[in-house]
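Asker: Have a look at the structure that comes next, please.
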Amino acid sequence: MQGLHLTADLHGCRCAPEWLLDAAALGRACTDAVRAAGLQPVGQLFHGFPATQQGPGGVTATVLLAESHLCVHTWPEQRAVTLDVYVCNFGADHSGKARALMDALLALFEPASVQRHALQRGAVGVAAMEGSA
């Protein structure tokens with residue numbers, strides 16, 4: 001289960017509106033970015049939400065990876081996006097691919113500001129030190 005979990009909160013996205021509103025277009029862009037990063041998609045779900053009093057509905061795009069997952073959530077009324085990329089490193093270190101995928105998505109959304117976080121998960125030897133649950 002050892003791997004890298006990257007998250008980013010994007011604000012002031014200057015991208016074309018379709019990336020925030022169109023589930024099918026965003027889904028294609030996500031799977032293209034996954035493949036370009038060298039990761040393997042094994043499933044996907046792209047869902048558009050209806051408009052509300054606050055504005056147009058956003059999109060949730062999820063790509064299940066052989067290595068783990070990508071999740072994207074858009075808030076077009078705020079020109080905001082949250083990104084979540086997790087790769088397990090079982091068998092090989094996919095950290096560079098995860099970073100490449102995150103960078104591609106940041107380029108797609110063109111945010112004015114970004115809050116990025118990285119978490120190393122399941123460090124080797126931690127379970128042995130803490131005992132198993």
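As shown in the structure tokens, the chain order sets the letters A, B, ...; within each chain, residues go from 1, and ligands are also counted from 1 in the order they appear.
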If you run DSSP on the backbone, which residues of chain A are strand (DSSP E or B), as number ranges by chain?
Answerer: A: 3-11, 41-48, 52, 55, 59-65, 68-75, 80-88, 113-121
Asker: Neighbours of segment 11-28 of chain A within 10 Å (only C-alpha atoms; same-chain residues fewer than 2 positions away dropped), as an NGL selection string?
Answerer: :A and (8-9 or 30-34 or 44-51 or 56-63 or 72-82 or 106-115)
Asker: I need the residue nearest Cys71 of chain A from this list: A:Thr7, A:Arg121, A:Ala92, A:Arg35. Use only C-alpha atoms for the distance.
Answerer: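 Smallest distance to Cys71 of chain A is found for A:Thr7.
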Asker: Would you return as a PyMOL selection string the members of chain A that DSSP assigns to helix (DSSP H, G or I) on this structure's backbone?
Answerer: chain A and resi 18-21+23-36+76-78+95-109+126-130
Asker: Just checking: using only C-alpha atoms, which residue out of A:Ala118, A:Leu70, A:Leu83, A:Ala36 ends up closest to Gly3 of chain A?
Answerer: A:Ala118
Asker: Nearest to Leu119 of chain A: which of A:Ala29, A:Gly96, A:Pro41, A:Val85 is it, counting only C-alpha atoms?
Answerer: A:Val85
